[in-house]
Amino acid sequence: MRVYKNEFERLKLVESFVKSRFPYFGVNKKQEITRLLYEISKRENIPPLRIIEKEGEGDYESLKKRLLKKRYPFASLQSEPLTPHLPKIELKPSFRRTLQNRKFYPRNIYIEKKAAGSFLARRLKTLFPKARFREIGLLKEYVRTHSPFGVKEYNRRQDTLFIVNENYDFFKNCPCTCQALNCGYHIFNLGFGCIYECDYCFLQGYANVPGIILTANMDKFFDEFKVYKRNGLRLGTGEFSDSLALDEVSGYSPALVDFFREQKGVTFEFKTKSVKIGNLLKVKASRNIVVSWSLNPQKIIAENEFFTPSLNERLEAAAECARAGYRVGFHFDPIIHFDGWEKEYALVIESLFAKIAPKDIAWISLGTFRFSPGLKQVIERRFPQNTILNEELLLGFDNKLRYPYALRYRIYEKMLSLLRHHSKELNVYLCMEEPRMWKELKVGRLELRCP
Ligand code: SF4
């Protein structure tokens with residue numbers, strides 16, 4: 001049985017408990033103790049008084065030490081320093097993302113003047129005749145002159161589409177994360193934003209535009225690519241959006257396939273959780289085009305990846321793309337740690353190889369859950385009931401919140417052994433991991449077997 005009706009009530013009670021029990025603590029000390037008591041109470045579903053009764057009081061330093069040990073039991077036993085991130089907790093019902101799905105139908109479509117005559121603008125007028133269309137100068141100016149952007153605006157992003165022309169930022173190296181061994185990926189910067197609601201999504205802490213952006217001048221990307229192109233290049237559109245979730249709206253994929261089919265020595269990737277593969281199946285497939293899916297156990301999909309297709313639907317779509325002649329890829333990213341994770345991930349891997357032959361798999365990536373510190377409060381505000389933050393997430397080598405090294409190592413080791421049991425030939429790489437992790441696990445750099 002839940003001790004509190006909801007997280008707002010829990011936070012209120014923890015705050016008033018700390019205020020009355022530790023009136024002599026300063027603001028920052030109160031904030032840290034509140035955070036620790038709140039997180040322990042949330043994870044174990046017990047009231048703060050019970051925690052204090054068990055742990056004892058004492059001065060601030062010793063109390064904090066004991067609470068940290070309770071909050072991070074696994075990490076406390078490791079030799080690495082304990083590096084928690086304990087910002088103020090701010091929960092408000094108005095920040096919460098209500099989880100009612102509806103068919104994507106933007107109310108407002110803003111089109112940059114230069115994109116007004118584009119094929120995409122005409123297409124959207126046909127697809128969404130009831131939307132309110134407005135012409136704007138530049139998106140940059142629109143954002144500057146409109147109200148500040150925050151969690152509430154992000155929650156409403158599906159109401160608004162921006163159609164823009166890209167002028168500068170066509171391709172770039174994936175920034176990866178500092179001090180990690182990168183996988184050499186490049187980003188094809190075609191639009192921004194997503195219609196799904198994964199509670200861990202980094203876009204919710206990164207977006208600064210109150211809508212979803214689609215780019216109208218794809219021809220210009222193809223022109224620019226002549227200069228950017230190099231042998232062995234691997235690039236894709238799935239960094240700042242899901243590559244296929246809005247493909248029926250944008251109609252991007254046939255042009256991308258037709259273009260990259262002719263780019264010998266280059267591998268193009270559509271990275272998705274969707275099953276919108278209709279456009280891909282209408283054009284001639286190619287082995288230098290990889291359609292890849294992010295995979296997680298169905299429990300994680302149901303509890304954390306709201307509005308996305310099920311595991312089975314994703315694998316069915318992958319099998320169909322492989323039959324059509326594409327290579328497929330899989331991203332176990334983010335891998336989420338929870339009670340029973342080993343069994344659940346083993347089942348996913350079993351289901352994957354029941355449907356897909358190893359020869360059709362271009363690559364598989366592994367990356368445990370990690371995120372910039374600022375995202376912690378955004379996840380809490382939008383999804384106060386989340387369970388992903390209950391795990392032990394500490395500031396790691398790149399100042400991102402991650403599971404402790406020993407736990408990540410254990411997860412990767414298990415995943416690698418499950419995957420290699422099915423094929424020794426798989427091209428597996430780690431995403432955003434430090435060099436010692438690659439080395440200790442004996443994972444080689446991604447080999448691009450470009451067809
Ligand atoms: S599918 Fe990807 S981009 Fe979309 S919400 Fe989920 S994590 Fe974010």
# chains A, B, ... in the order shown; residues from 1 in each chain; ligands from 1

$ residues_near_ligand --ligand "ligand 1" --cutoff "6 Å" --atoms "only C-alpha atoms and all ligand atoms" --output "list of chain:residue names"
A:Cys194, A:Tyr196, A:Glu197, A:Cys198, A:Cys201, A:Leu203, A:Ser241, A:Asp242, A:Lys273

$ residues_around --residues "Thr98 of chain A" --least-positions-apart "4" --cutoff "10 Å" --atoms "only C-alpha atoms" --output "PyMOL selection string"
chain A and resi 93-94+155+382-383

$ atom_distance --atom1 "atom CA of Pro129 of chain A" --atom2 "atom CA of Ser243 of chain A"
24.4 Å

$ select_by_dssp --residues "segment 345-423 of chain A" --states "helix (DSSP H, G or I)" --output "compact mmCIF listing (two decimals) with C-alpha atoms, in the first residue's frame"
# COMPACT_ATOMS: atom_id res chain seq x y z
CA TYR A 345 16.93 -8.27 -20.83
CA ALA A 346 17.70 -11.94 -21.53
CA LEU A 347 14.11 -12.34 -22.75
CA VAL A 348 14.47 -9.32 -25.06
CA ILE A 349 17.63 -10.80 -26.57
CA GLU A 350 15.91 -14.16 -27.04
CA SER A 351 13.00 -12.48 -28.83
CA LEU A 352 15.38 -10.46 -30.99
CA PHE A 353 17.26 -13.49 -32.31
CA ALA A 354 14.05 -15.45 -32.77
CA LYS A 355 13.11 -12.88 -35.43
CA PRO A 358 22.76 -12.07 -37.13
CA LYS A 359 23.86 -11.53 -40.76
CA ASP A 360 21.24 -8.76 -41.09
CA GLY A 374 19.85 19.36 -14.87
CA LEU A 375 17.59 16.65 -16.28
CA LYS A 376 16.99 15.15 -12.84
CA GLN A 377 14.62 17.97 -11.84
CA VAL A 378 12.94 17.98 -15.26
CA ILE A 379 12.14 14.24 -15.03
CA GLU A 380 10.86 14.72 -11.48
CA ARG A 381 8.66 17.63 -12.46
CA ARG A 382 7.17 16.00 -15.53
CA ILE A 388 13.93 5.30 -12.85
CA LEU A 389 15.37 7.92 -10.49
CA ASN A 390 15.06 5.56 -7.53
CA TYR A 405 31.15 1.87 -12.46
CA ALA A 406 30.92 -1.63 -10.92
CA LEU A 407 27.21 -1.84 -11.68
CA ARG A 408 27.65 -0.64 -15.26
CA TYR A 409 30.43 -3.15 -15.74
CA ARG A 410 28.21 -5.95 -14.44
CA ILE A 411 25.37 -4.92 -16.78
CA TYR A 412 27.58 -4.71 -19.89
CA GLU A 413 29.31 -7.99 -19.08
CA LYS A 414 25.96 -9.75 -18.85
CA MET A 415 24.57 -8.14 -22.01
CA LEU A 416 27.72 -8.98 -23.98
CA SER A 417 27.61 -12.60 -22.90
CA LEU A 418 23.90 -12.88 -23.80
CA LEU A 419 24.53 -11.35 -27.23
CA ARG A 420 27.66 -13.34 -27.98
CA HIS A 421 25.88 -16.52 -27.08
CA HIS A 422 23.84 -15.92 -30.26

$ closest_residue --among "A:Gly26, A:Gly117, A:Gly265, A:Gly251" --to "Asn165 of chain A" --atoms "only C-alpha atoms"
A:Gly117

$ select_by_dssp --residues "segment 11-260 of chain A" --states "strand (DSSP E or B)" --output "MDAnalysis selection string"
chainID A and resid 108:112 132:136 160:164 171:173 181 186:188 192 197:198 212:215 234:236

$ write_last_selection --atoms "N, CA and C atoms" --output "short mmCIF file (atom, residue, chain, number, x, y, z; two decimals), in the first residue's frame"
data_model
loop_
_atom_site.label_atom_id
_atom_site.label_comp_id
_atom_site.auth_asym_id
_atom_site.auth_seq_id
_atom_site.Cartn_x
_atom_site.Cartn_y
_atom_site.Cartn_z
N ASN A 108 -1.21 24.59 -34.47
CA ASN A 108 -0.55 25.75 -35.09
C ASN A 108 0.64 25.27 -35.91
N ILE A 109 0.72 25.77 -37.15
CA ILE A 109 1.89 25.44 -37.96
C ILE A 109 2.52 26.74 -38.42
N TYR A 110 3.72 27.00 -37.93
CA TYR A 110 4.44 28.22 -38.28
C TYR A 110 5.46 27.88 -39.36
N ILE A 111 5.41 28.65 -40.43
CA ILE A 111 6.32 28.35 -41.55
C ILE A 111 7.24 29.55 -41.79
N GLU A 112 8.52 29.29 -41.79
CA GLU A 112 9.46 30.37 -42.09
C GLU A 112 9.20 30.85 -43.52
N ARG A 132 -3.96 26.01 -37.77
CA ARG A 132 -3.84 27.45 -38.08
C ARG A 132 -2.43 27.69 -38.65
N PHE A 133 -2.34 28.10 -39.90
CA PHE A 133 -1.04 28.31 -40.54
C PHE A 133 -0.63 29.77 -40.43
N ARG A 134 0.61 30.01 -40.06
CA ARG A 134 1.12 31.39 -39.96
C ARG A 134 2.51 31.45 -40.57
N GLU A 135 2.81 32.53 -41.23
CA GLU A 135 4.17 32.69 -41.75
C GLU A 135 5.00 33.48 -40.72
N ILE A 136 6.23 33.07 -40.51
CA ILE A 136 7.11 33.81 -39.59
C ILE A 136 8.41 34.13 -40.33
N THR A 160 2.28 22.37 -31.76
CA THR A 160 2.89 23.33 -32.69
C THR A 160 3.98 22.70 -33.55
N LEU A 161 3.91 23.01 -34.83
CA LEU A 161 4.96 22.57 -35.75
C LEU A 161 5.64 23.81 -36.32
N PHE A 162 6.93 23.77 -36.44
CA PHE A 162 7.67 24.84 -37.11
C PHE A 162 8.30 24.24 -38.36
N ILE A 163 8.07 24.87 -39.50
CA ILE A 163 8.70 24.42 -40.75
C ILE A 163 9.79 25.43 -41.07
N VAL A 164 11.02 24.96 -41.13
CA VAL A 164 12.15 25.89 -41.28
C VAL A 164 13.05 25.47 -42.44
N PHE A 171 25.37 19.08 -40.89
CA PHE A 171 25.92 17.82 -40.34
C PHE A 171 26.91 18.18 -39.24
N LYS A 172 27.08 17.28 -38.31
CA LYS A 172 28.15 17.50 -37.33
C LYS A 172 28.55 16.18 -36.69
N ASN A 173 29.73 16.19 -36.10
CA ASN A 173 30.18 15.03 -35.32
C ASN A 173 29.28 14.89 -34.12
N LEU A 181 35.02 7.29 -25.05
CA LEU A 181 35.53 6.83 -26.33
C LEU A 181 34.36 6.91 -27.30
N HIS A 186 28.01 10.54 -36.94
CA HIS A 186 27.76 11.91 -37.39
C HIS A 186 26.25 12.15 -37.44
N ILE A 187 25.89 13.39 -37.19
CA ILE A 187 24.47 13.73 -37.11
C ILE A 187 24.01 14.45 -38.38
N PHE A 188 22.93 13.96 -38.95
CA PHE A 188 22.25 14.62 -40.08
C PHE A 188 21.12 15.40 -39.42
N PHE A 192 13.92 18.64 -35.19
CA PHE A 192 14.13 18.52 -33.74
C PHE A 192 12.78 18.24 -33.07
N GLU A 197 6.90 10.07 -25.46
CA GLU A 197 7.17 10.61 -24.12
C GLU A 197 7.97 9.62 -23.29
N CYS A 198 9.22 9.43 -23.63
CA CYS A 198 10.07 8.58 -22.77
C CYS A 198 10.44 9.44 -21.56
N ILE A 212 7.60 21.26 -32.41
CA ILE A 212 8.45 20.29 -33.12
C ILE A 212 8.91 20.94 -34.42
N ILE A 213 10.18 20.78 -34.74
CA ILE A 213 10.72 21.44 -35.92
C ILE A 213 10.93 20.43 -37.04
N LEU A 214 10.43 20.75 -38.22
CA LEU A 214 10.72 19.94 -39.41
C LEU A 214 11.43 20.85 -40.41
N THR A 215 12.40 20.27 -41.09
CA THR A 215 13.19 21.06 -42.03
C THR A 215 12.67 20.84 -43.45
N ARG A 234 29.53 7.32 -41.14
CA ARG A 234 28.30 6.72 -40.61
C ARG A 234 27.49 7.85 -40.01
N LEU A 235 26.30 8.06 -40.53
CA LEU A 235 25.50 9.18 -40.02
C LEU A 235 24.02 8.85 -39.99
N GLY A 236 23.26 9.66 -39.28
CA GLY A 236 21.82 9.38 -39.19
C GLY A 236 21.05 10.56 -38.63
#

$ closest_residue --among "A:Arg230, A:Lys114, A:Arg156, A:Lys70" --to "Gly137 of chain A" --atoms "only C-alpha atoms"
A:Lys114

$ atom_distance --atom1 "atom CA of Phe119 of chain A" --atom2 "atom CA of Phe268 of chain A"
23.2 Å

$ closest_residue --among "A:Gly58, A:Gly184, A:Gly191, A:Gly150" --to "Leu233 of chain A" --atoms "only C-alpha atoms"
A:Gly184

$ atom_distance --atom1 "atom CA of Gly329 of chain A" --atom2 "atom CA of Leu393 of chain A"
27.8 Å

$ closest_residue --among "A:Val428, A:Ala255, A:Val249, A:Leu37" --to "Lys442 of chain A" --atoms "only C-alpha atoms"
A:Val428

$ residues_around --residues "Thr368 of chain A" --least-positions-apart "4" --cutoff "10 Å" --atoms "only C-alpha atoms" --output "PyMOL selection string"
chain A and resi 332-337+402-403+407-409+411-412+430-433

$ closest_residue --among "A:Phe128, A:Phe149, A:Leu138, A:Glu90" --to "Ala116 of chain A" --atoms "only C-alpha atoms"
A:Leu138

$ residues_around --residues "Lys229 of chain A" --least-positions-apart "4" --cutoff "9 Å" --atoms "only C-alpha atoms" --output "VMD selection string"
chain A and resid 224 to 225 233 263 266

$ write_last_selection --atoms "N, CA and C atoms" --output "JSON list (two decimals), in the first residue's frame"
[["chain", "number", "residue", "atom", "x", "y", "z"],
["A", 224, "GLU", "N", 25.12, 20.00, -49.67],
["A", 224, "GLU", "CA", 26.20, 20.17, -48.69],
["A", 224, "GLU", "C", 26.93, 18.85, -48.44],
["A", 225, "PHE", "N", 26.23, 17.76, -48.61],
["A", 225, "PHE", "CA", 26.84, 16.46, -48.32],
["A", 225, "PHE", "C", 28.02, 16.17, -49.25],
["A", 233, "LEU", "N", 32.05, 7.01, -43.64],
["A", 233, "LEU", "CA", 31.18, 7.86, -42.80],
["A", 233, "LEU", "C", 29.92, 7.10, -42.38],
["A", 263, "GLN", "N", 25.43, 6.59, -52.28],
["A", 263, "GLN", "CA", 26.63, 7.10, -51.61],
["A", 263, "GLN", "C", 27.49, 5.92, -51.14],
["A", 266, "VAL", "N", 29.39, 5.04, -47.53],
["A", 266, "VAL", "CA", 28.71, 5.79, -46.46],
["A", 266, "VAL", "C", 27.58, 4.92, -45.93]]

$ residues_around --residues "Val291 of chain A" --least-positions-apart "3" --cutoff "10 Å" --atoms "only C-alpha atoms" --output "PDB file with N, CA, C and O atoms, in the first residue's frame"
ATOM      1  N   GLY A 236      23.261   9.662 -39.284  1.00  0.00           N
ATOM      2  CA  GLY A 236      21.824   9.383 -39.192  1.00  0.00           C
ATOM      3  C   GLY A 236      21.053  10.556 -38.627  1.00  0.00           C
ATOM      4  O   GLY A 236      21.622  11.544 -38.175  1.00  0.00           O
ATOM      5  N   SER A 243      13.789   9.052 -35.885  1.00  0.00           N
ATOM      6  CA  SER A 243      13.908   9.157 -37.356  1.00  0.00           C
ATOM      7  C   SER A 243      12.626   8.856 -38.114  1.00  0.00           C
ATOM      8  O   SER A 243      12.456   9.314 -39.238  1.00  0.00           O
ATOM      9  N   LEU A 244      11.739   8.035 -37.537  1.00  0.00           N
ATOM     10  CA  LEU A 244      10.564   7.616 -38.324  1.00  0.00           C
ATOM     11  C   LEU A 244       9.208   7.962 -37.704  1.00  0.00           C
ATOM     12  O   LEU A 244       8.184   7.837 -38.377  1.00  0.00           O
ATOM     13  N   PHE A 268      24.048   5.094 -43.763  1.00  0.00           N
ATOM     14  CA  PHE A 268      23.037   5.996 -43.212  1.00  0.00           C
ATOM     15  C   PHE A 268      22.115   5.217 -42.272  1.00  0.00           C
ATOM     16  O   PHE A 268      21.688   4.105 -42.590  1.00  0.00           O
ATOM     17  N   GLU A 269      21.784   5.804 -41.148  1.00  0.00           N
ATOM     18  CA  GLU A 269      20.942   5.108 -40.156  1.00  0.00           C
ATOM     19  C   GLU A 269      19.659   5.880 -39.832  1.00  0.00           C
ATOM     20  O   GLU A 269      19.694   7.075 -39.542  1.00  0.00           O
ATOM     21  N   PHE A 270      18.540   5.174 -39.886  1.00  0.00           N
ATOM     22  CA  PHE A 270      17.284   5.676 -39.314  1.00  0.00           C
ATOM     23  C   PHE A 270      17.193   5.051 -37.927  1.00  0.00           C
ATOM     24  O   PHE A 270      17.178   3.822 -37.813  1.00  0.00           O
ATOM     25  N   LYS A 271      17.122   5.873 -36.904  1.00  0.00           N
ATOM     26  CA  LYS A 271      17.077   5.335 -35.531  1.00  0.00           C
ATOM     27  C   LYS A 271      15.695   5.622 -34.953  1.00  0.00           C
ATOM     28  O   LYS A 271      15.250   6.778 -34.961  1.00  0.00           O
ATOM     29  N   THR A 272      15.010   4.599 -34.462  1.00  0.00           N
ATOM     30  CA  THR A 272      13.604   4.803 -34.112  1.00  0.00           C
ATOM     31  C   THR A 272      13.106   3.883 -33.004  1.00  0.00           C
ATOM     32  O   THR A 272      13.771   2.889 -32.665  1.00  0.00           O
ATOM     33  N   ILE A 277       7.144   2.181 -40.977  1.00  0.00           N
ATOM     34  CA  ILE A 277       8.130   1.797 -41.993  1.00  0.00           C
ATOM     35  C   ILE A 277       7.500   1.759 -43.391  1.00  0.00           C
ATOM     36  O   ILE A 277       8.149   1.349 -44.350  1.00  0.00           O
ATOM     37  N   LEU A 280       9.490   3.363 -46.121  1.00  0.00           N
ATOM     38  CA  LEU A 280      10.745   2.638 -46.408  1.00  0.00           C
ATOM     39  C   LEU A 280      10.487   1.435 -47.306  1.00  0.00           C
ATOM     40  O   LEU A 280      11.316   1.070 -48.142  1.00  0.00           O
ATOM     41  N   ASN A 288      23.547  -0.384 -47.476  1.00  0.00           N
ATOM     42  CA  ASN A 288      24.275   0.667 -46.736  1.00  0.00           C
ATOM     43  C   ASN A 288      23.302   1.559 -45.962  1.00  0.00           C
ATOM     44  O   ASN A 288      23.686   2.601 -45.435  1.00  0.00           O
ATOM     45  N   ALA A 317       8.650  -5.038 -37.047  1.00  0.00           N
ATOM     46  CA  ALA A 317       9.001  -4.016 -38.047  1.00  0.00           C
ATOM     47  C   ALA A 317      10.451  -4.225 -38.520  1.00  0.00           C
ATOM     48  O   ALA A 317      10.752  -4.108 -39.708  1.00  0.00           O
ATOM     49  N   ALA A 318      11.336  -4.566 -37.570  1.00  0.00           N
ATOM     50  CA  ALA A 318      12.740  -4.802 -37.936  1.00  0.00           C
ATOM     51  C   ALA A 318      12.837  -5.996 -38.890  1.00  0.00           C
ATOM     52  O   ALA A 318      13.565  -5.954 -39.894  1.00  0.00           O
ATOM     53  N   CYS A 321      11.825  -4.963 -42.337  1.00  0.00           N
ATOM     54  CA  CYS A 321      12.854  -4.161 -43.024  1.00  0.00           C
ATOM     55  C   CYS A 321      13.993  -5.068 -43.504  1.00  0.00           C
ATOM     56  O   CYS A 321      14.531  -4.877 -44.595  1.00  0.00           O
ATOM     57  N   ALA A 322      14.371  -6.051 -42.669  1.00  0.00           N
ATOM     58  CA  ALA A 322      15.440  -6.969 -43.075  1.00  0.00           C
ATOM     59  C   ALA A 322      14.996  -7.773 -44.302  1.00  0.00           C
ATOM     60  O   ALA A 322      15.776  -7.964 -45.242  1.00  0.00           O
ATOM     61  N   TYR A 326      17.041  -4.103 -46.183  1.00  0.00           N
ATOM     62  CA  TYR A 326      17.844  -3.183 -45.368  1.00  0.00           C
ATOM     63  C   TYR A 326      18.644  -3.993 -44.360  1.00  0.00           C
ATOM     64  O   TYR A 326      18.253  -5.106 -43.996  1.00  0.00           O
ATOM     65  N   ARG A 327      19.739  -3.418 -43.870  1.00  0.00           N
ATOM     66  CA  ARG A 327      20.325  -3.996 -42.661  1.00  0.00           C
ATOM     67  C   ARG A 327      19.639  -3.339 -41.462  1.00  0.00           C
ATOM     68  O   ARG A 327      19.102  -2.236 -41.568  1.00  0.00           O
ATOM     69  N   VAL A 328      19.641  -4.023 -40.342  1.00  0.00           N
ATOM     70  CA  VAL A 328      18.985  -3.465 -39.163  1.00  0.00           C
ATOM     71  C   VAL A 328      20.004  -3.319 -38.031  1.00  0.00           C
ATOM     72  O   VAL A 328      21.058  -3.949 -38.047  1.00  0.00           O
ATOM     73  N   GLY A 329      19.669  -2.461 -37.083  1.00  0.00           N
ATOM     74  CA  GLY A 329      20.549  -2.258 -35.934  1.00  0.00           C
ATOM     75  C   GLY A 329      19.696  -2.216 -34.673  1.00  0.00           C
ATOM     76  O   GLY A 329      18.467  -2.063 -34.752  1.00  0.00           O
ATOM     77  N   PHE A 330      20.355  -2.356 -33.519  1.00  0.00           N
ATOM     78  CA  PHE A 330      19.602  -2.316 -32.263  1.00  0.00           C
ATOM     79  C   PHE A 330      20.403  -1.540 -31.227  1.00  0.00           C
ATOM     80  O   PHE A 330      21.634  -1.648 -31.167  1.00  0.00           O
ATOM     81  N   ILE A 361      22.242  -7.915 -39.058  1.00  0.00           N
ATOM     82  CA  ILE A 361      22.434  -6.882 -38.016  1.00  0.00           C
ATOM     83  C   ILE A 361      23.734  -6.112 -38.270  1.00  0.00           C
ATOM     84  O   ILE A 361      24.821  -6.674 -38.240  1.00  0.00           O
ATOM     85  N   ALA A 362      23.585  -4.823 -38.525  1.00  0.00           N
ATOM     86  CA  ALA A 362      24.772  -4.004 -38.793  1.00  0.00           C
ATOM     87  C   ALA A 362      25.520  -3.715 -37.502  1.00  0.00           C
ATOM     88  O   ALA A 362      26.740  -3.763 -37.458  1.00  0.00           O
TER      89      ALA A 362
END
